[in-house]
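Participant: Attaching a single structure in structure tokens format; questions to follow.
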Amino acid sequence: MNDVIAALVAPFDAAEVVERSYASSATTYHMIAIPVEEWVLFAQAAKENGFDTFIDLFAADHFSEAPRFEVTLILLSMTAKERIVVTTRVPYDDPSVPTLTNVFQGANFYEREAYDMFGIDFPGHPDLTRILLPDDWVGHPLRKDYDIGAVPVQFKAGSADL
Amino acid sequence: MSDATERAESVEEKRRAQHEIWVSGTEERMPFAASTNEGSQEMLPRDQDPALDIQRGIAVDDDFVTPERVVSAERQIINMGPQHPSTHGVLRLQMELDGETVTRVKPIIGYLHTGMEKTAETLSYAQGPTNVTRMDYLSPFANELTFSLTVEQLLGIDVPPRADAIRVLMTELNRVASHLLSSATMGMDVGAISMMIYGWREREICLDFFEKVTGLRMNHNYIRPGGVAAELPDGWEDDVTNLIKVVNAGVDEYEELLNGNPIFLDRTLGVGVLTPEEIKQFGITGPVARASGVDWDLRKAHPYCGIERYTFDVPLGKHGDVFDRYKVRIDEIRESLRIAEQVIVTIPSGDYRTTDPKVTPPPRARIGESMEALIHHFKLFTEGVNVPAGTAYQAVEGPRGELGCYIISKGGARPWRMRWRAPSFAVVQALPVMMTDSLIADVIATLASTDPVLGDVDR
């Protein structure tokens, strides 16, 4: 862990930091897990510590694990050439993560996508509606309990009555 | 009155209530029988819309002084797209106009959504590149490379140096082809019709080379986890040398045609400006960010595939307007050709894919001789590549910016979740910032300069 990351996570006791690196591309990034209560505070602190470029925000469904949904935020510091991957977990019965649109304007569409695909609520979001799917779509397709669906294929050739 | 008539009337009432629309020039909603229901996509009256600041493009910083206009009869909502030649795909823009000035913009996406992230969860790691190559269909090699690097990071394997050099060559030529198409369509959108013909003429040479190497003009599935699919064909050096010569000459021709052209300059200078602060908040990367003077290129900052061994510059703009974006792309074509030139000279010999038997199938001849080879062959073609549990993120500098792939693996032959970080998605979100307070004709130029690919936006 280098100085930039250490300074960032110092005020957050609950943060768990794992350093990841991949030799064949000079990629190094830090995965930071934080509780959902500190989500906005952490994003704000990251922005003030130079991680001011919003890269990505998305959700994932860990179906059988206890806090089922994981929301991930990727931020970039162009000055320190560092990348952080911040994750938080929320349970199935209350999948709600406070919005980051007041910190990063760019979170708007990404939070709408996470809502659309996983049904995660972002309280405080100005316009939390479906973005990729139609309004009347039922369910949230990227959840693991949402079937991928199939088109039935009828094999006629070779059947008994031919 | 019979029950049936009553029911019919109440249904009609409901329908009318749903179809109340906002009438231009007023702040009132009125029933309008012939209207359609837009649902949450509708642009609401100013006092009712919670996302007003976002649609006015002033949420981050307001670079223009916009006087709050009184409601005038000139004010109207118009809809552009999803089927409109200037939207570069199925993008739809709802715009509030005051005369010819755009005052609010609401981008609406999703018309090309096919659930590719869900599909990826059902495909093995060997099938993955066929899926991701179809997302941003103008930069298929960059997509495949991003996916392959992420899987290799999870597997913890390295690819041979020759595979790295082939990957660099193909992704850089892909950048050339993509920027040529972008410059061509942008030229046509602002009125330089001949630019369309010239750009496509040079792009065709790139696609011919891709076809010779991979067998396909697009959706190649050439770069795969572990290396590339096949060795470069005989005589590829001559093809690339010729390509470099012809495209370089073509680029000179474009610059002669456009750089001093007063009509082109009038349409592009000072139009669709993005500030560095907006670039960072909206997560815009690539040529659009560099045109605003943000010096960030992943090939320099976090180099991959040994790209740091080649000499190239990162072209930067100053003003962040449409002209600078065009200029940055034109300069990037030259830089990419410089890299390709160096690859021809420095490409090492050796394998074009890893020899790790858990990833690469054994040669056909070995199967009859070695039991391990037979087992590996069987396991690879029945199960696929087994990837250990873990998560990985890898980003690549694609032609449109940071292409990222985040894979959560729980072990096994298929990803648990694959997330695609699409550069066009971020750009589409920032369209209101660039388009508001400009003329409607500038909307076309701005949209063309951001070069969104809707397959990338909607996935």
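All residue names refer to the structure tokens as shown: chains lettered A, B, ... in order, residues numbered from 1 in each chain, ligands numbered from 1 in order.
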For chain B, list the residues within 6 Å of chain A, counting only C-alpha atoms, and write the list as a list of chain:residue names.

Facilitator: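 Result, ordered by chain then number: B:Pro50, B:Ala51, B:Gly110, B:Lys118, B:Lys280, B:Gln281, B:Phe282, B:Gly283, B:His302, B:Pro303, B:Tyr304.
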
Participant: Among region 2-139 of chain A, which ones does DSSP assign to strand (DSSP E or B) (computed from the backbone)? Answer as a ChimeraX atom specification.

Facilitator: /A:16-22,27-33,53-61,69-77,82-90,96,121

Participant: Would you mind writing down, as a short mmCIF file (atom, residue, chain, number, x, y, z; two decimals) with N, CA and C atoms, in the first residue's frame, each residue of region 59-298 of chain B that DSSP on the backbone assigns to alpha helix (DSSP H)?

Facilitator:
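Okay, this is what ended up in part23.cif:
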data_model
loop_
_atom_site.label_atom_id
_atom_site.label_comp_id
_atom_site.auth_asym_id
_atom_site.auth_seq_id
_atom_site.Cartn_x
_atom_site.Cartn_y
_atom_site.Cartn_z
N MET B 116 -25.85 -8.33 -23.24
CA MET B 116 -24.61 -9.08 -23.48
C MET B 116 -23.87 -9.41 -22.20
N GLU B 117 -24.08 -8.60 -21.13
CA GLU B 117 -23.43 -8.94 -19.87
C GLU B 117 -24.05 -10.20 -19.28
N LYS B 118 -25.37 -10.37 -19.48
CA LYS B 118 -26.03 -11.60 -19.03
C LYS B 118 -25.58 -12.78 -19.89
N THR B 119 -25.48 -12.56 -21.18
CA THR B 119 -25.03 -13.62 -22.08
C THR B 119 -23.64 -14.11 -21.70
N ALA B 120 -22.78 -13.14 -21.30
CA ALA B 120 -21.40 -13.50 -20.97
C ALA B 120 -21.35 -14.51 -19.83
N GLY B 128 -16.01 -16.25 -24.79
CA GLY B 128 -16.17 -14.85 -24.40
C GLY B 128 -15.81 -13.83 -25.46
N PRO B 129 -14.65 -13.97 -26.13
CA PRO B 129 -14.27 -12.96 -27.14
C PRO B 129 -15.30 -12.81 -28.26
N THR B 130 -16.00 -13.90 -28.64
CA THR B 130 -17.02 -13.76 -29.69
C THR B 130 -18.15 -12.86 -29.24
N ASN B 131 -18.38 -12.85 -27.93
CA ASN B 131 -19.45 -12.02 -27.38
C ASN B 131 -19.01 -10.56 -27.32
N VAL B 132 -17.84 -10.32 -26.70
CA VAL B 132 -17.44 -8.93 -26.46
C VAL B 132 -17.05 -8.22 -27.76
N PRO B 140 -13.34 -3.98 -32.61
CA PRO B 140 -13.44 -5.37 -32.13
C PRO B 140 -12.14 -5.87 -31.48
N PHE B 141 -10.98 -5.49 -32.04
CA PHE B 141 -9.73 -6.00 -31.47
C PHE B 141 -9.51 -5.48 -30.06
N ALA B 142 -9.83 -4.20 -29.83
CA ALA B 142 -9.66 -3.63 -28.49
C ALA B 142 -10.55 -4.35 -27.49
N ASN B 143 -11.79 -4.68 -27.91
CA ASN B 143 -12.69 -5.41 -27.02
C ASN B 143 -12.12 -6.78 -26.65
N GLU B 144 -11.66 -7.50 -27.68
CA GLU B 144 -11.12 -8.84 -27.43
C GLU B 144 -9.90 -8.76 -26.53
N LEU B 145 -9.07 -7.74 -26.76
CA LEU B 145 -7.85 -7.60 -25.96
C LEU B 145 -8.19 -7.35 -24.49
N THR B 146 -9.18 -6.48 -24.24
CA THR B 146 -9.56 -6.18 -22.87
C THR B 146 -10.02 -7.44 -22.16
N PHE B 147 -10.89 -8.19 -22.83
CA PHE B 147 -11.41 -9.43 -22.23
C PHE B 147 -10.26 -10.42 -21.99
N SER B 148 -9.40 -10.59 -22.99
CA SER B 148 -8.33 -11.58 -22.87
C SER B 148 -7.37 -11.22 -21.75
N LEU B 149 -7.02 -9.92 -21.64
CA LEU B 149 -6.09 -9.51 -20.58
C LEU B 149 -6.70 -9.76 -19.20
N THR B 150 -8.01 -9.53 -19.07
CA THR B 150 -8.66 -9.75 -17.77
C THR B 150 -8.62 -11.22 -17.40
N VAL B 151 -8.92 -12.09 -18.38
CA VAL B 151 -8.90 -13.52 -18.10
C VAL B 151 -7.47 -13.98 -17.78
N GLU B 152 -6.49 -13.44 -18.52
CA GLU B 152 -5.10 -13.80 -18.25
C GLU B 152 -4.66 -13.34 -16.87
N GLN B 153 -5.19 -12.19 -16.45
CA GLN B 153 -4.87 -11.71 -15.10
C GLN B 153 -5.41 -12.67 -14.05
N LEU B 154 -6.64 -13.19 -14.27
CA LEU B 154 -7.22 -14.16 -13.33
C LEU B 154 -6.44 -15.46 -13.36
N LEU B 155 -6.02 -15.89 -14.56
CA LEU B 155 -5.28 -17.14 -14.69
C LEU B 155 -3.84 -16.99 -14.20
N PRO B 161 6.15 -12.97 -26.24
CA PRO B 161 6.38 -11.61 -26.76
C PRO B 161 5.83 -11.41 -28.17
N ARG B 162 5.86 -12.46 -29.00
CA ARG B 162 5.33 -12.30 -30.35
C ARG B 162 3.82 -12.05 -30.32
N ALA B 163 3.12 -12.75 -29.43
CA ALA B 163 1.68 -12.53 -29.30
C ALA B 163 1.40 -11.09 -28.88
N ASP B 164 2.22 -10.57 -27.94
CA ASP B 164 2.06 -9.19 -27.52
C ASP B 164 2.22 -8.23 -28.69
N ALA B 165 3.25 -8.48 -29.52
CA ALA B 165 3.51 -7.58 -30.65
C ALA B 165 2.37 -7.65 -31.65
N ILE B 166 1.84 -8.86 -31.90
CA ILE B 166 0.71 -8.99 -32.84
C ILE B 166 -0.51 -8.25 -32.28
N ARG B 167 -0.72 -8.38 -30.97
CA ARG B 167 -1.85 -7.68 -30.34
C ARG B 167 -1.72 -6.17 -30.50
N VAL B 168 -0.51 -5.67 -30.26
CA VAL B 168 -0.29 -4.22 -30.41
C VAL B 168 -0.56 -3.79 -31.84
N LEU B 169 -0.03 -4.56 -32.81
CA LEU B 169 -0.21 -4.22 -34.22
C LEU B 169 -1.69 -4.16 -34.57
N MET B 170 -2.43 -5.19 -34.17
CA MET B 170 -3.84 -5.25 -34.57
C MET B 170 -4.67 -4.17 -33.88
N THR B 171 -4.43 -3.93 -32.58
CA THR B 171 -5.23 -2.91 -31.91
C THR B 171 -4.90 -1.51 -32.43
N GLU B 172 -3.63 -1.27 -32.79
CA GLU B 172 -3.30 0.07 -33.29
C GLU B 172 -3.90 0.27 -34.69
N LEU B 173 -3.86 -0.76 -35.54
CA LEU B 173 -4.49 -0.62 -36.86
C LEU B 173 -6.01 -0.48 -36.70
N ASN B 174 -6.55 -1.12 -35.66
CA ASN B 174 -7.96 -0.97 -35.37
C ASN B 174 -8.29 0.47 -35.00
N ARG B 175 -7.38 1.09 -34.23
CA ARG B 175 -7.58 2.50 -33.87
C ARG B 175 -7.58 3.36 -35.13
N VAL B 176 -6.68 3.03 -36.07
CA VAL B 176 -6.62 3.78 -37.33
C VAL B 176 -7.97 3.65 -38.07
N ALA B 177 -8.44 2.40 -38.20
CA ALA B 177 -9.69 2.17 -38.94
C ALA B 177 -10.85 2.91 -38.27
N SER B 178 -10.90 2.84 -36.93
CA SER B 178 -12.00 3.48 -36.20
C SER B 178 -11.95 5.00 -36.35
N HIS B 179 -10.75 5.59 -36.23
CA HIS B 179 -10.64 7.04 -36.35
C HIS B 179 -10.90 7.50 -37.77
N LEU B 180 -10.52 6.66 -38.76
CA LEU B 180 -10.82 7.02 -40.15
C LEU B 180 -12.32 7.11 -40.35
N LEU B 181 -13.04 6.13 -39.81
CA LEU B 181 -14.49 6.15 -39.95
C LEU B 181 -15.09 7.34 -39.23
N SER B 182 -14.56 7.61 -38.03
CA SER B 182 -15.08 8.74 -37.26
C SER B 182 -14.87 10.06 -38.01
N SER B 183 -13.66 10.25 -38.56
CA SER B 183 -13.39 11.50 -39.28
C SER B 183 -14.25 11.58 -40.53
N ALA B 184 -14.46 10.44 -41.19
CA ALA B 184 -15.25 10.43 -42.42
C ALA B 184 -16.70 10.83 -42.14
N THR B 185 -17.31 10.20 -41.13
CA THR B 185 -18.72 10.52 -40.86
C THR B 185 -18.85 11.92 -40.30
N MET B 186 -17.84 12.36 -39.53
CA MET B 186 -17.92 13.71 -39.00
C MET B 186 -17.85 14.73 -40.13
N GLY B 187 -16.96 14.47 -41.10
CA GLY B 187 -16.88 15.36 -42.25
C GLY B 187 -18.21 15.46 -42.96
N MET B 188 -18.87 14.31 -43.15
CA MET B 188 -20.13 14.34 -43.86
C MET B 188 -21.20 15.07 -43.04
N ASP B 189 -21.19 14.87 -41.73
CA ASP B 189 -22.21 15.51 -40.89
C ASP B 189 -22.12 17.03 -40.93
N ILE B 193 -18.97 16.32 -47.82
CA ILE B 193 -19.41 14.99 -48.27
C ILE B 193 -18.24 14.16 -48.79
N SER B 194 -17.29 14.83 -49.46
CA SER B 194 -16.18 14.06 -50.05
C SER B 194 -15.34 13.39 -48.98
N MET B 195 -15.33 13.97 -47.77
CA MET B 195 -14.59 13.37 -46.66
C MET B 195 -15.08 11.95 -46.39
N MET B 196 -16.37 11.75 -46.52
CA MET B 196 -16.96 10.43 -46.30
C MET B 196 -16.34 9.41 -47.25
N ILE B 197 -16.23 9.80 -48.51
CA ILE B 197 -15.70 8.87 -49.51
C ILE B 197 -14.22 8.60 -49.25
N TYR B 198 -13.46 9.67 -48.94
CA TYR B 198 -12.02 9.49 -48.71
C TYR B 198 -11.77 8.61 -47.49
N GLY B 199 -12.45 8.92 -46.40
CA GLY B 199 -12.23 8.17 -45.16
C GLY B 199 -12.52 6.69 -45.34
N TRP B 200 -13.63 6.40 -45.99
CA TRP B 200 -14.00 4.99 -46.17
C TRP B 200 -13.03 4.30 -47.13
N ARG B 201 -12.48 5.06 -48.06
CA ARG B 201 -11.53 4.48 -49.02
C ARG B 201 -10.30 3.94 -48.28
N GLU B 202 -9.77 4.76 -47.34
CA GLU B 202 -8.58 4.31 -46.62
C GLU B 202 -8.93 3.22 -45.60
N ARG B 203 -10.11 3.33 -45.01
CA ARG B 203 -10.52 2.34 -44.01
C ARG B 203 -10.64 0.96 -44.65
N GLU B 204 -11.04 0.95 -45.91
CA GLU B 204 -11.19 -0.31 -46.62
C GLU B 204 -9.88 -1.09 -46.67
N ILE B 205 -8.76 -0.36 -46.79
CA ILE B 205 -7.46 -1.03 -46.83
C ILE B 205 -7.18 -1.72 -45.49
N CYS B 206 -7.55 -1.02 -44.40
CA CYS B 206 -7.38 -1.63 -43.08
C CYS B 206 -8.24 -2.88 -42.96
N LEU B 207 -9.50 -2.78 -43.38
CA LEU B 207 -10.40 -3.93 -43.25
C LEU B 207 -9.93 -5.09 -44.13
N ASP B 208 -9.36 -4.77 -45.29
CA ASP B 208 -8.81 -5.84 -46.14
C ASP B 208 -7.71 -6.58 -45.41
N PHE B 209 -6.87 -5.81 -44.70
CA PHE B 209 -5.78 -6.46 -43.96
C PHE B 209 -6.36 -7.31 -42.83
N PHE B 210 -7.36 -6.79 -42.12
CA PHE B 210 -7.98 -7.58 -41.04
C PHE B 210 -8.55 -8.87 -41.61
N GLU B 211 -9.17 -8.76 -42.79
CA GLU B 211 -9.78 -9.94 -43.39
C GLU B 211 -8.71 -10.97 -43.74
N LYS B 212 -7.56 -10.47 -44.20
CA LYS B 212 -6.49 -11.38 -44.56
C LYS B 212 -5.95 -12.10 -43.31
N VAL B 213 -5.90 -11.38 -42.20
CA VAL B 213 -5.33 -11.98 -40.98
C VAL B 213 -6.35 -12.89 -40.29
N THR B 214 -7.58 -12.42 -40.16
CA THR B 214 -8.54 -13.14 -39.32
C THR B 214 -9.62 -13.86 -40.10
N TRP B 236 2.72 -10.28 -44.62
CA TRP B 236 1.99 -9.24 -43.88
C TRP B 236 2.78 -7.96 -43.76
N GLU B 237 4.15 -8.09 -43.76
CA GLU B 237 4.97 -6.88 -43.63
C GLU B 237 4.72 -5.93 -44.81
N ASP B 238 4.63 -6.52 -46.02
CA ASP B 238 4.39 -5.68 -47.20
C ASP B 238 3.02 -5.03 -47.14
N ASP B 239 2.03 -5.81 -46.68
CA ASP B 239 0.67 -5.25 -46.58
C ASP B 239 0.65 -4.07 -45.63
N VAL B 240 1.29 -4.24 -44.44
CA VAL B 240 1.25 -3.17 -43.45
C VAL B 240 2.04 -1.95 -43.94
N THR B 241 3.19 -2.21 -44.59
CA THR B 241 3.98 -1.09 -45.12
C THR B 241 3.17 -0.30 -46.13
N ASN B 242 2.47 -1.02 -47.01
CA ASN B 242 1.63 -0.35 -48.00
C ASN B 242 0.50 0.42 -47.33
N LEU B 243 -0.11 -0.22 -46.33
CA LEU B 243 -1.20 0.43 -45.58
C LEU B 243 -0.73 1.74 -44.96
N ILE B 244 0.45 1.68 -44.33
CA ILE B 244 0.98 2.88 -43.66
C ILE B 244 1.17 4.00 -44.67
N LYS B 245 1.73 3.62 -45.85
CA LYS B 245 2.00 4.63 -46.87
C LYS B 245 0.70 5.27 -47.36
N VAL B 246 -0.27 4.42 -47.68
CA VAL B 246 -1.52 4.93 -48.27
C VAL B 246 -2.31 5.75 -47.24
N VAL B 247 -2.41 5.25 -46.00
CA VAL B 247 -3.20 5.97 -45.01
C VAL B 247 -2.53 7.30 -44.65
N ASN B 248 -1.19 7.29 -44.52
CA ASN B 248 -0.49 8.55 -44.23
C ASN B 248 -0.76 9.58 -45.31
N ALA B 249 -0.71 9.13 -46.60
CA ALA B 249 -0.99 10.06 -47.69
C ALA B 249 -2.44 10.54 -47.61
N GLY B 250 -3.34 9.62 -47.26
CA GLY B 250 -4.76 10.00 -47.14
C GLY B 250 -4.97 11.03 -46.05
N VAL B 251 -4.31 10.84 -44.91
CA VAL B 251 -4.48 11.76 -43.79
C VAL B 251 -3.99 13.16 -44.17
N ASP B 252 -2.87 13.21 -44.92
CA ASP B 252 -2.39 14.52 -45.40
C ASP B 252 -3.47 15.18 -46.26
N GLU B 253 -4.11 14.34 -47.08
CA GLU B 253 -5.15 14.87 -47.97
C GLU B 253 -6.34 15.43 -47.17
N TYR B 254 -6.73 14.71 -46.11
CA TYR B 254 -7.86 15.20 -45.29
C TYR B 254 -7.52 16.56 -44.68
N GLU B 255 -6.27 16.65 -44.18
CA GLU B 255 -5.91 17.89 -43.50
C GLU B 255 -5.89 19.05 -44.48
N GLU B 256 -5.45 18.75 -45.72
CA GLU B 256 -5.46 19.79 -46.74
C GLU B 256 -6.89 20.21 -47.05
N LEU B 257 -7.77 19.21 -47.03
CA LEU B 257 -9.16 19.47 -47.38
C LEU B 257 -9.88 20.26 -46.29
N LEU B 258 -9.62 19.91 -45.01
CA LEU B 258 -10.46 20.42 -43.93
C LEU B 258 -9.82 21.51 -43.08
N PRO B 262 -12.90 27.28 -44.55
CA PRO B 262 -13.64 28.22 -43.68
C PRO B 262 -14.99 27.66 -43.22
N ILE B 263 -15.68 26.88 -44.07
CA ILE B 263 -16.98 26.34 -43.65
C ILE B 263 -16.78 25.33 -42.52
N PHE B 264 -15.77 24.45 -42.69
CA PHE B 264 -15.49 23.44 -41.66
C PHE B 264 -15.10 24.12 -40.35
N LEU B 265 -14.26 25.17 -40.43
CA LEU B 265 -13.85 25.86 -39.21
C LEU B 265 -15.03 26.54 -38.53
N ASP B 266 -15.91 27.16 -39.33
CA ASP B 266 -17.09 27.81 -38.75
C ASP B 266 -17.97 26.81 -38.02
N ARG B 267 -18.06 25.61 -38.56
CA ARG B 267 -18.94 24.63 -37.96
C ARG B 267 -18.33 23.98 -36.71
N THR B 268 -16.99 24.04 -36.57
CA THR B 268 -16.36 23.24 -35.51
C THR B 268 -15.67 24.06 -34.42
N PRO B 276 -12.08 20.40 -18.46
CA PRO B 276 -11.45 19.26 -17.78
C PRO B 276 -12.23 18.79 -16.55
N GLU B 277 -12.84 19.71 -15.83
CA GLU B 277 -13.62 19.33 -14.65
C GLU B 277 -14.80 18.43 -15.05
N GLU B 278 -15.47 18.79 -16.15
CA GLU B 278 -16.58 17.97 -16.63
C GLU B 278 -16.09 16.62 -17.12
N ILE B 279 -14.94 16.62 -17.80
CA ILE B 279 -14.35 15.37 -18.29
C ILE B 279 -14.19 14.39 -17.13
N LYS B 280 -13.66 14.89 -16.01
CA LYS B 280 -13.37 14.01 -14.88
C LYS B 280 -14.65 13.54 -14.20
N GLN B 281 -15.60 14.45 -14.01
CA GLN B 281 -16.84 14.06 -13.31
C GLN B 281 -17.67 13.07 -14.11
N PHE B 282 -17.66 13.21 -15.43
CA PHE B 282 -18.46 12.30 -16.24
C PHE B 282 -17.67 11.05 -16.66
N PRO B 287 -9.87 10.17 -26.88
CA PRO B 287 -9.62 11.38 -27.67
C PRO B 287 -10.46 12.58 -27.21
N VAL B 288 -11.68 12.34 -26.74
CA VAL B 288 -12.52 13.45 -26.31
C VAL B 288 -11.90 14.14 -25.09
N ALA B 289 -11.35 13.35 -24.16
CA ALA B 289 -10.72 13.94 -22.99
C ALA B 289 -9.42 14.64 -23.38
N ARG B 290 -8.65 14.01 -24.26
CA ARG B 290 -7.37 14.61 -24.65
C ARG B 290 -7.57 15.90 -25.44
N ALA B 291 -8.70 16.00 -26.15
CA ALA B 291 -8.98 17.24 -26.88
C ALA B 291 -9.20 18.40 -25.91
N LEU B 298 -3.85 5.54 -21.41
CA LEU B 298 -3.51 4.32 -20.67
C LEU B 298 -2.28 3.63 -21.26
#

Participant: What is the CA of Glu341 (chain B) to CA of Gly306 (chain B) distance in Å?

Facilitator: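 Here the two named atoms are 15.4 Å from each other.
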